[in-house]
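K.L.:
For reference, the file model22.pdb (PDB, C-alpha atoms, pLDDT in the B column) is included below:
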ATOM      1  CA  MET U  29     -30.302  65.202   6.630  1.00 48.00           C
ATOM      2  CA  SER U  30     -27.954  65.130   9.662  1.00 46.00           C
ATOM      3  CA  ASN U  31     -29.905  62.166  11.040  1.00 50.00           C
ATOM      4  CA  LEU U  32     -29.319  60.320   7.765  1.00 43.00           C
ATOM      5  CA  TYR U  33     -25.528  60.544   8.137  1.00 44.00           C
ATOM      6  CA  SER U  34     -25.473  59.992  11.907  1.00 49.00           C
ATOM      7  CA  LYS U  35     -27.065  56.515  11.719  1.00 50.00           C
ATOM      8  CA  PRO U  36     -24.961  53.523  10.574  1.00 51.00           C
ATOM      9  CA  GLN U  37     -26.013  52.439   7.115  1.00 51.00           C
ATOM     10  CA  PRO U  38     -26.304  48.808   6.008  1.00 51.00           C
ATOM     11  CA  GLU U  39     -23.183  47.651   4.210  1.00 50.00           C
ATOM     12  CA  MET U  40     -23.753  47.282   0.474  1.00 51.00           C
ATOM     13  CA  ALA U  41     -22.440  44.233  -1.384  1.00 54.00           C
ATOM     14  CA  ASP U  42     -19.288  45.168  -3.243  1.00 60.00           C
ATOM     15  CA  PRO U  43     -19.123  43.252  -6.564  1.00 59.00           C
ATOM     16  CA  PHE U  44     -15.445  44.128  -6.988  1.00 52.00           C
ATOM     17  CA  ARG U  45     -14.529  42.736  -3.560  1.00 55.00           C
ATOM     18  CA  LYS U  46     -16.556  39.637  -4.270  1.00 56.00           C
ATOM     19  CA  ALA U  47     -14.713  39.092  -7.543  1.00 52.00           C
ATOM     20  CA  LEU U  48     -11.376  39.642  -5.796  1.00 50.00           C
ATOM     21  CA  ASP U  49     -12.186  37.102  -3.059  1.00 55.00           C
ATOM     22  CA  HIS U  50     -13.228  34.561  -5.685  1.00 53.00           C
ATOM     23  CA  SER U  51     -10.003  35.121  -7.601  1.00 50.00           C
ATOM     24  CA  MET U  52      -7.886  34.706  -4.474  1.00 46.00           C
ATOM     25  CA  LYS U  53      -9.621  31.444  -3.550  1.00 48.00           C
ATOM     26  CA  ALA U  54      -9.128  30.145  -7.093  1.00 50.00           C
ATOM     27  CA  ASN U  55      -5.427  31.011  -6.948  1.00 51.00           C
ATOM     28  CA  VAL U  56      -5.040  29.206  -3.624  1.00 46.00           C
ATOM     29  CA  ALA U  57      -6.768  26.107  -5.043  1.00 45.00           C
ATOM     30  CA  GLU U  58      -4.530  26.176  -8.114  1.00 51.00           C
ATOM     31  CA  THR U  59      -1.429  26.540  -5.950  1.00 40.00           C
ATOM     32  CA  ILE U  60      -2.419  23.555  -3.806  1.00 40.00           C
ATOM     33  CA  ALA U  61      -3.170  21.465  -6.907  1.00 46.00           C
ATOM     34  CA  ALA U  62       0.146  22.454  -8.476  1.00 45.00           C
ATOM     35  CA  LYS U  63       1.988  21.494  -5.293  1.00 40.00           C
ATOM     36  CA  LYS U  64       0.365  18.060  -5.282  1.00 44.00           C
ATOM     37  CA  GLU U  65       1.269  17.596  -8.939  1.00 48.00           C
ATOM     38  CA  ALA U  66       4.848  18.690  -8.267  1.00 46.00           C
ATOM     39  CA  ASP U  67       5.075  16.201  -5.374  1.00 53.00           C
ATOM     40  CA  PRO U  68       3.520  12.994  -6.749  1.00 56.00           C
ATOM     41  CA  TYR U  69       4.908  10.957  -3.849  1.00 62.00           C
ATOM     42  CA  GLY U  70       3.359  13.028  -1.088  1.00 61.00           C
ATOM     43  CA  HIS U  71       0.317  10.762  -0.739  1.00 72.00           C
ATOM     44  CA  LEU U  72       2.264   7.486  -0.598  1.00 84.00           C
ATOM     45  CA  SER U  73       2.579   5.574   2.662  1.00 88.00           C
ATOM     46  CA  PHE U  74       3.089   2.029   3.843  1.00 93.00           C
ATOM     47  CA  ALA U  75       2.119   0.225   7.026  1.00 91.00           C
ATOM     48  CA  GLU U  76       3.053   2.697   9.744  1.00 79.00           C
ATOM     49  CA  THR U  77       6.644   2.810   8.442  1.00 84.00           C
ATOM     50  CA  GLU U  78       8.255   5.823   6.821  1.00 85.00           C
ATOM     51  CA  ILE U  79       9.135   5.700   3.120  1.00 92.00           C
ATOM     52  CA  PRO U  80      12.284   7.711   2.305  1.00 92.00           C
ATOM     53  CA  LEU U  81      10.571   9.478  -0.573  1.00 89.00           C
ATOM     54  CA  LYS U  82      13.257  12.146  -0.907  1.00 89.00           C
ATOM     55  CA  GLU U  83      15.808   9.556  -2.033  1.00 92.00           C
ATOM     56  CA  VAL U  84      16.201   9.506  -5.817  1.00 93.00           C
ATOM     57  CA  THR U  85      16.636   5.723  -5.995  1.00 93.00           C
ATOM     58  CA  VAL U  86      13.397   5.214  -4.066  1.00 94.00           C
ATOM     59  CA  GLN U  87      11.544   7.604  -6.394  1.00 92.00           C
ATOM     60  CA  LYS U  88      12.887   5.832  -9.489  1.00 93.00           C
ATOM     61  CA  LYS U  89      11.774   2.421  -8.255  1.00 94.00           C
ATOM     62  CA  LEU U  90       8.330   3.730  -7.341  1.00 93.00           C
ATOM     63  CA  ASP U  91       8.023   5.389 -10.754  1.00 92.00           C
ATOM     64  CA  LYS U  92       8.919   2.086 -12.377  1.00 92.00           C
ATOM     65  CA  TYR U  93       6.201   0.079 -10.656  1.00 92.00           C
ATOM     66  CA  LEU U  94       3.578   2.814 -10.698  1.00 90.00           C
ATOM     67  CA  SER U  95       4.041   2.877 -14.477  1.00 89.00           C
ATOM     68  CA  ARG U  96       4.029  -0.906 -14.697  1.00 88.00           C
ATOM     69  CA  PHE U  97       0.707  -1.132 -12.824  1.00 86.00           C
ATOM     70  CA  ALA U  98      -0.858   1.723 -14.819  1.00 79.00           C
ATOM     71  CA  TYR U  99      -3.026  -0.751 -16.740  1.00 76.00           C
ATOM     72  CA  LEU U 100      -4.908  -1.387 -13.497  1.00 77.00           C
ATOM     73  CA  LYS U 101      -6.141   2.194 -13.300  1.00 70.00           C
ATOM     74  CA  LYS U 102      -9.272   1.387 -15.292  1.00 68.00           C
ATOM     75  CA  PRO U 103     -12.070   0.767 -12.769  1.00 63.00           C
ATOM     76  CA  THR U 104     -13.485  -1.847 -15.155  1.00 60.00           C
ATOM     77  CA  HIS U 105     -10.395  -4.041 -14.822  1.00 71.00           C
ATOM     78  CA  HIS U 106     -11.201  -7.436 -13.310  1.00 83.00           C
ATOM     79  CA  ILE U 107      -8.749  -6.890 -10.434  1.00 86.00           C
ATOM     80  CA  HIS U 108     -10.823  -3.887  -9.298  1.00 84.00           C
ATOM     81  CA  LYS U 109     -13.905  -6.070  -9.093  1.00 86.00           C
ATOM     82  CA  LYS U 110     -12.067  -8.708  -7.087  1.00 91.00           C
ATOM     83  CA  ALA U 111     -10.445  -6.082  -4.887  1.00 92.00           C
ATOM     84  CA  ASP U 112     -13.774  -4.451  -4.078  1.00 91.00           C
ATOM     85  CA  GLN U 113     -15.188  -7.824  -3.098  1.00 94.00           C
ATOM     86  CA  LEU U 114     -12.278  -9.457  -1.266  1.00 97.00           C
ATOM     87  CA  LEU U 115      -9.976  -6.787   0.198  1.00 97.00           C
ATOM     88  CA  PRO U 116     -12.433  -5.558   2.886  1.00 97.00           C
ATOM     89  CA  ARG U 117     -12.721  -9.155   4.136  1.00 97.00           C
ATOM     90  CA  ILE U 118      -8.945  -9.559   4.131  1.00 98.00           C
ATOM     91  CA  ALA U 119      -8.413  -6.227   5.900  1.00 98.00           C
ATOM     92  CA  LYS U 120     -10.840  -7.180   8.673  1.00 98.00           C
ATOM     93  CA  ILE U 121      -8.923 -10.377   9.430  1.00 98.00           C
ATOM     94  CA  LEU U 122      -5.538  -8.643   9.334  1.00 98.00           C
ATOM     95  CA  LYS U 123      -6.817  -5.992  11.744  1.00 97.00           C
ATOM     96  CA  SER U 124      -7.906  -8.656  14.220  1.00 98.00           C
ATOM     97  CA  TYR U 125      -4.239  -9.704  14.509  1.00 98.00           C
ATOM     98  CA  GLY U 126      -2.899  -6.159  14.673  1.00 97.00           C
ATOM     99  CA  VAL U 127      -1.463  -6.344  11.155  1.00 98.00           C
ATOM    100  CA  PRO U 128      -1.694  -3.050   9.190  1.00 97.00           C
ATOM    101  CA  GLU U 129      -4.352  -2.965   6.506  1.00 97.00           C
ATOM    102  CA  ASP U 130      -1.770  -2.217   3.796  1.00 97.00           C
ATOM    103  CA  PHE U 131      -0.699  -5.860   3.910  1.00 98.00           C
ATOM    104  CA  LYS U 132      -3.889  -6.823   2.112  1.00 98.00           C
ATOM    105  CA  TYR U 133      -2.120  -5.737  -1.068  1.00 97.00           C
ATOM    106  CA  ILE U 134       0.344  -8.611  -0.695  1.00 98.00           C
ATOM    107  CA  ALA U 135      -2.441 -10.928  -1.822  1.00 97.00           C
ATOM    108  CA  VAL U 136      -2.937  -8.788  -4.943  1.00 95.00           C
ATOM    109  CA  VAL U 137       0.786  -8.720  -5.743  1.00 95.00           C
ATOM    110  CA  GLU U 138       1.234 -12.426  -5.027  1.00 96.00           C
ATOM    111  CA  SER U 139      -1.759 -13.926  -6.808  1.00 96.00           C
ATOM    112  CA  SER U 140      -3.843 -11.128  -8.369  1.00 94.00           C
ATOM    113  CA  LEU U 141      -6.480 -12.484  -5.954  1.00 95.00           C
ATOM    114  CA  ASN U 142      -6.682 -15.674  -7.990  1.00 95.00           C
ATOM    115  CA  PRO U 143      -6.397 -18.692  -5.639  1.00 95.00           C
ATOM    116  CA  LYS U 144      -5.478 -21.010  -8.524  1.00 94.00           C
ATOM    117  CA  THR U 145      -2.220 -19.137  -9.118  1.00 94.00           C
ATOM    118  CA  THR U 146       0.814 -21.394  -8.589  1.00 94.00           C
ATOM    119  CA  SER U 147       4.566 -20.872  -8.798  1.00 93.00           C
ATOM    120  CA  HIS U 148       7.217 -23.178 -10.216  1.00 91.00           C
ATOM    121  CA  LYS U 149       8.524 -23.624  -6.663  1.00 90.00           C
ATOM    122  CA  GLY U 150       5.188 -24.965  -5.421  1.00 93.00           C
ATOM    123  CA  ALA U 151       3.690 -21.864  -3.782  1.00 96.00           C
ATOM    124  CA  GLY U 152      -0.056 -21.551  -4.187  1.00 97.00           C
ATOM    125  CA  GLY U 153      -3.297 -19.896  -3.161  1.00 97.00           C
ATOM    126  CA  TYR U 154      -4.211 -16.279  -2.470  1.00 98.00           C
ATOM    127  CA  TRP U 155      -1.090 -15.702  -0.361  1.00 98.00           C
ATOM    128  CA  GLN U 156       1.265 -17.984  -2.311  1.00 98.00           C
ATOM    129  CA  PHE U 157       2.218 -20.124   0.649  1.00 97.00           C
ATOM    130  CA  MET U 158       4.735 -22.915   0.237  1.00 96.00           C
ATOM    131  CA  PRO U 159       3.180 -26.171   1.523  1.00 97.00           C
ATOM    132  CA  ALA U 160       5.496 -26.407   4.561  1.00 96.00           C
ATOM    133  CA  THR U 161       4.833 -22.806   5.641  1.00 96.00           C
ATOM    134  CA  ALA U 162       1.099 -23.264   5.120  1.00 97.00           C
ATOM    135  CA  ARG U 163       1.087 -26.313   7.394  1.00 97.00           C
ATOM    136  CA  LEU U 164       3.214 -24.500   9.981  1.00 97.00           C
ATOM    137  CA  TYR U 165       0.486 -21.854  10.280  1.00 97.00           C
ATOM    138  CA  GLY U 166      -2.404 -24.275  10.515  1.00 97.00           C
ATOM    139  CA  LEU U 167      -3.477 -24.956   6.926  1.00 98.00           C
ATOM    140  CA  LYS U 168      -4.173 -28.434   5.568  1.00 97.00           C
ATOM    141  CA  VAL U 169      -2.260 -29.153   2.374  1.00 96.00           C
ATOM    142  CA  ASN U 170      -2.353 -32.732   1.116  1.00 95.00           C
ATOM    143  CA  GLY U 171      -3.523 -34.821  -1.801  1.00 89.00           C
ATOM    144  CA  SER U 172      -7.203 -34.187  -1.109  1.00 94.00           C
ATOM    145  CA  VAL U 173      -7.331 -30.792   0.626  1.00 96.00           C
ATOM    146  CA  ASP U 174      -5.532 -27.499  -0.025  1.00 97.00           C
ATOM    147  CA  GLU U 175      -6.658 -24.776   2.362  1.00 98.00           C
ATOM    148  CA  ARG U 176      -4.342 -22.269   0.688  1.00 98.00           C
ATOM    149  CA  LEU U 177      -7.256 -21.852  -1.745  1.00 98.00           C
ATOM    150  CA  ASP U 178      -9.626 -20.827   1.060  1.00 98.00           C
ATOM    151  CA  LEU U 179      -9.648 -17.024   1.391  1.00 98.00           C
ATOM    152  CA  ILE U 180     -10.601 -16.894   5.070  1.00 98.00           C
ATOM    153  CA  LYS U 181      -8.405 -19.711   6.362  1.00 98.00           C
ATOM    154  CA  SER U 182      -5.376 -18.675   4.310  1.00 98.00           C
ATOM    155  CA  THR U 183      -5.729 -15.038   5.390  1.00 98.00           C
ATOM    156  CA  HIS U 184      -5.768 -16.064   9.050  1.00 98.00           C
ATOM    157  CA  ALA U 185      -2.578 -18.027   8.381  1.00 98.00           C
ATOM    158  CA  ALA U 186      -0.984 -15.086   6.549  1.00 98.00           C
ATOM    159  CA  ALA U 187      -1.870 -12.718   9.398  1.00 98.00           C
ATOM    160  CA  LYS U 188      -0.240 -15.047  11.942  1.00 98.00           C
ATOM    161  CA  TYR U 189       2.857 -15.345   9.771  1.00 98.00           C
ATOM    162  CA  LEU U 190       3.147 -11.579   9.215  1.00 98.00           C
ATOM    163  CA  LYS U 191       2.692 -10.892  12.920  1.00 98.00           C
ATOM    164  CA  SER U 192       5.453 -13.370  13.760  1.00 98.00           C
ATOM    165  CA  LEU U 193       7.758 -11.688  11.226  1.00 98.00           C
ATOM    166  CA  HIS U 194       7.050  -8.291  12.753  1.00 97.00           C
ATOM    167  CA  ASP U 195       7.715  -9.660  16.227  1.00 97.00           C
ATOM    168  CA  GLU U 196      11.075 -10.894  14.956  1.00 97.00           C
ATOM    169  CA  PHE U 197      12.230  -7.859  12.957  1.00 97.00           C
ATOM    170  CA  GLY U 198      10.384  -5.066  14.765  1.00 95.00           C
ATOM    171  CA  ASP U 199       9.528  -3.305  11.510  1.00 96.00           C
ATOM    172  CA  TRP U 200       6.615  -3.788   9.138  1.00 97.00           C
ATOM    173  CA  THR U 201       8.601  -3.083   5.976  1.00 97.00           C
ATOM    174  CA  LEU U 202      11.174  -5.707   6.929  1.00 97.00           C
ATOM    175  CA  ALA U 203       8.299  -8.064   7.753  1.00 97.00           C
ATOM    176  CA  ALA U 204       7.000  -7.599   4.203  1.00 98.00           C
ATOM    177  CA  ALA U 205      10.460  -8.290   2.754  1.00 98.00           C
ATOM    178  CA  ALA U 206      10.808 -11.390   4.954  1.00 98.00           C
ATOM    179  CA  TYR U 207       7.432 -12.635   3.725  1.00 98.00           C
ATOM    180  CA  ASN U 208       8.954 -12.711   0.261  1.00 97.00           C
ATOM    181  CA  VAL U 209      12.491 -13.912   0.888  1.00 96.00           C
ATOM    182  CA  GLY U 210      12.126 -15.784   4.170  1.00 95.00           C
ATOM    183  CA  GLY U 211      13.130 -14.787   7.679  1.00 96.00           C
ATOM    184  CA  GLY U 212      16.437 -16.658   7.679  1.00 96.00           C
ATOM    185  CA  SER U 213      17.632 -15.123   4.436  1.00 96.00           C
ATOM    186  CA  LEU U 214      16.678 -11.602   5.534  1.00 97.00           C
ATOM    187  CA  ARG U 215      18.407 -12.063   8.906  1.00 96.00           C
ATOM    188  CA  ALA U 216      21.578 -13.075   7.076  1.00 97.00           C
ATOM    189  CA  SER U 217      21.403  -9.983   4.823  1.00 97.00           C
ATOM    190  CA  LEU U 218      20.881  -7.658   7.797  1.00 97.00           C
ATOM    191  CA  ARG U 219      23.773  -9.209   9.688  1.00 96.00           C
ATOM    192  CA  ARG U 220      26.146  -9.294   6.712  1.00 97.00           C
ATOM    193  CA  GLN U 221      25.392  -5.751   5.518  1.00 96.00           C
ATOM    194  CA  LYS U 222      25.053  -4.275   9.012  1.00 95.00           C
ATOM    195  CA  LYS U 223      21.854  -2.486   7.967  1.00 93.00           C
ATOM    196  CA  ASP U 224      18.460  -2.326   9.621  1.00 91.00           C
ATOM    197  CA  ASN U 225      16.425  -0.588   6.899  1.00 94.00           C
ATOM    198  CA  TYR U 226      14.835  -2.286   3.891  1.00 97.00           C
ATOM    199  CA  TYR U 227      15.559   0.670   1.617  1.00 96.00           C
ATOM    200  CA  ASP U 228      19.292   0.487   2.406  1.00 95.00           C
ATOM    201  CA  LEU U 229      19.671  -3.251   1.834  1.00 96.00           C
ATOM    202  CA  LYS U 230      21.051  -4.945  -1.262  1.00 96.00           C
ATOM    203  CA  LEU U 231      18.731  -7.880  -1.857  1.00 96.00           C
ATOM    204  CA  ASN U 232      17.916 -10.224  -4.698  1.00 96.00           C
ATOM    205  CA  SER U 233      15.977  -8.521  -7.503  1.00 96.00           C
ATOM    206  CA  GLU U 234      12.600  -9.966  -6.509  1.00 96.00           C
ATOM    207  CA  THR U 235      12.815  -8.951  -2.850  1.00 97.00           C
ATOM    208  CA  ALA U 236      14.418  -5.600  -3.701  1.00 97.00           C
ATOM    209  CA  ALA U 237      11.310  -4.821  -5.759  1.00 96.00           C
ATOM    210  CA  TYR U 238       8.743  -6.447  -3.462  1.00 97.00           C
ATOM    211  CA  VAL U 239       7.805  -3.580  -1.129  1.00 97.00           C
ATOM    212  CA  TYR U 240       7.794  -1.125  -4.038  1.00 96.00           C
ATOM    213  CA  LYS U 241       5.264  -3.361  -5.788  1.00 96.00           C
ATOM    214  CA  ILE U 242       3.023  -3.416  -2.707  1.00 96.00           C
ATOM    215  CA  ILE U 243       3.174   0.378  -2.300  1.00 95.00           C
ATOM    216  CA  SER U 244       2.500   0.911  -6.013  1.00 93.00           C
ATOM    217  CA  MET U 245      -0.401  -1.542  -6.018  1.00 93.00           C
ATOM    218  CA  LYS U 246      -1.892   0.294  -3.048  1.00 93.00           C
ATOM    219  CA  ALA U 247      -1.446   3.667  -4.768  1.00 90.00           C
ATOM    220  CA  VAL U 248      -3.059   2.485  -7.999  1.00 88.00           C
ATOM    221  CA  LEU U 249      -6.057   0.725  -6.425  1.00 89.00           C
ATOM    222  CA  GLU U 250      -6.759   3.470  -3.877  1.00 84.00           C
ATOM    223  CA  THR U 251      -6.630   6.370  -6.336  1.00 74.00           C
ATOM    224  CA  THR U 252      -8.761   4.925  -9.138  1.00 62.00           C
TER
END
Rewrite the structure of this file - the entire thing - as structure tokens.
P.N.:
Amino acid sequence: MSNLYSKPQPEMADPFRKALDHSMKANVAETIAAKKEADPYGHLSFAETEIPLKEVTVQKKLDKYLSRFAYLKKPTHHIHKKADQLLPRIAKILKSYGVPEDFKYIAVVESSLNPKTTSHKGAGGYWQFMPATARLYGLKVNGSVDERLDLIKSTHAAAKYLKSLHDEFGDWTLAAAAYNVGGGSLRASLRRQKKDNYYDLKLNSETAAYVYKIISMKAVLETT
């Protein structure tokens, strides 16, 4: 009998401890999930540049466009099919120029990935280039040829343009804004307002919404 108690006995599985461990793990998982739900902006990011997500005005604008693009959340939507097919090709070209992958969503915001999209000002193609800007970055646009409609050629042109804007402004968010409003106009706004941050600038309604649209489009397409 003394030998029985002197030898270490194998530890028996404790069903109560097991149940307690399971409960604790479940509570931790619920807490993490609740935290994510309480902070819906925590997963948002854009092109290596910080988004001031704690600012109420920024949150309101993001809410607005996240809600507006909610119809895209269905994986069966035609934009999802186009995005799955075209965005990896766009991202590869952008990367070759050192342009952040997030800029591929400009093509979605600008044209819904439909090259036949045109604006009343004359912009056209996947990236909605104006004819003069398209020619400046190597695209043929004339009565017989319009290379703005060519995904590969127009994306190379867009990458060159975006890189030049970043070289000028030193910030990817400002480069995105300049893509929409033009470098000269953005320079004037920065100089006049003495600001150097997109989120602090007072811009025309289209440009003021532009980066928020890109971020929201990214959020919707990457989480569905």
K.L.:
For the structure provided, state which residues fall under the PyMOL selection byres ((chain U and resi 215-229) around 10), and present them as a PDB file with C-alpha atoms, in the coordinates of the input.
P.N.:
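So selection12.pdb came out as:
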ATOM      1  CA  ILE U  79       9.135   5.700   3.120  1.00 92.00           C
ATOM      2  CA  PRO U  80      12.284   7.711   2.305  1.00 92.00           C
ATOM      3  CA  GLU U  83      15.808   9.556  -2.033  1.00 92.00           C
ATOM      4  CA  THR U  85      16.636   5.723  -5.995  1.00 93.00           C
ATOM      5  CA  VAL U  86      13.397   5.214  -4.066  1.00 94.00           C
ATOM      6  CA  GLU U 196      11.075 -10.894  14.956  1.00 97.00           C
ATOM      7  CA  PHE U 197      12.230  -7.859  12.957  1.00 97.00           C
ATOM      8  CA  GLY U 198      10.384  -5.066  14.765  1.00 95.00           C
ATOM      9  CA  ASP U 199       9.528  -3.305  11.510  1.00 96.00           C
ATOM     10  CA  TRP U 200       6.615  -3.788   9.138  1.00 97.00           C
ATOM     11  CA  THR U 201       8.601  -3.083   5.976  1.00 97.00           C
ATOM     12  CA  LEU U 202      11.174  -5.707   6.929  1.00 97.00           C
ATOM     13  CA  ALA U 203       8.299  -8.064   7.753  1.00 97.00           C
ATOM     14  CA  ALA U 204       7.000  -7.599   4.203  1.00 98.00           C
ATOM     15  CA  ALA U 205      10.460  -8.290   2.754  1.00 98.00           C
ATOM     16  CA  ALA U 206      10.808 -11.390   4.954  1.00 98.00           C
ATOM     17  CA  GLY U 210      12.126 -15.784   4.170  1.00 95.00           C
ATOM     18  CA  GLY U 211      13.130 -14.787   7.679  1.00 96.00           C
ATOM     19  CA  GLY U 212      16.437 -16.658   7.679  1.00 96.00           C
ATOM     20  CA  SER U 213      17.632 -15.123   4.436  1.00 96.00           C
ATOM     21  CA  LEU U 214      16.678 -11.602   5.534  1.00 97.00           C
ATOM     22  CA  LYS U 230      21.051  -4.945  -1.262  1.00 96.00           C
ATOM     23  CA  LEU U 231      18.731  -7.880  -1.857  1.00 96.00           C
ATOM     24  CA  ASN U 232      17.916 -10.224  -4.698  1.00 96.00           C
ATOM     25  CA  THR U 235      12.815  -8.951  -2.850  1.00 97.00           C
ATOM     26  CA  ALA U 236      14.418  -5.600  -3.701  1.00 97.00           C
ATOM     27  CA  VAL U 239       7.805  -3.580  -1.129  1.00 97.00           C
ATOM     28  CA  TYR U 240       7.794  -1.125  -4.038  1.00 96.00           C
TER      29      TYR U 240
END
K.L.:
Scan for residues within 12 Å of the point (-6.8, 1.7, -6.1) in the coordinates of the file, using all atoms listed in the file, and reply as a PyMOL selection string.
P.N.:
chain U and resi 94+97-105+107-112+115+130+133+136+242-252
K.L.:
When you look at region 156-162 of chain U with a cut-off of 9 Å (counting only C-alpha atoms), what residues show up, excluding the ones that are within fewer than 2 positions of it in the same chain? I need them as an MDAnalysis selection string.
P.N.:
chainID U and resid 135 138:139 143 145:147 149:154 164:170 174:176 182 185:186 189
K.L.:
Residue by residue, what does the PyMOL selection byres ((chain U and resi 122) around 12) grab here? Present the result as a ChimeraX atom specification.
P.N.:
/U:75,115-121,123-135,180-191
K.L.:
Which centre and which edge lengths, in Å to one decimal, describe the axis-aligned box that holds all listed atoms of region 135-148 of chain U after 6 Å is added on each side, as AutoDock Vina command-line options?
P.N.:
--center_x 0.3 --center_y -15.9 --center_z -6.0 --size_x 25.9 --size_y 26.5 --size_z 20.4
K.L.:
One number please: CA of Phe74 (chain U) to CA of Ser192 (chain U), in Å, one decimal.
P.N.:
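Atom-to-atom, CA of Phe74 (chain U) and CA of Ser192 (chain U) are spaced 18.5 Å apart.
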K.L.:
Which is closest to Lys241 (chain U) among U:His106, U:Trp155, U:Leu179, U:Asp91, if we use all atoms listed in the file?
P.N.:
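Going through U:His106, U:Trp155, U:Leu179, U:Asp91 one by one, the smallest distance to Lys241 (chain U) is for U:Asp91.
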K.L.:
Could you tell me how far CA of Val137 (chain U) lies from CA of Tyr238 (chain U), in Å and to one decimal?
P.N.:
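Distance reported for this atom pair: 8.6 Å.
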K.L.:
Please indicate the distance in Å from CA of Ser95 (chain U) to CA of Asn142 (chain U), rounded to one decimal place.
P.N.:
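Taking CA of Ser95 (chain U) and CA of Asn142 (chain U), their separation equals 22.4 Å.
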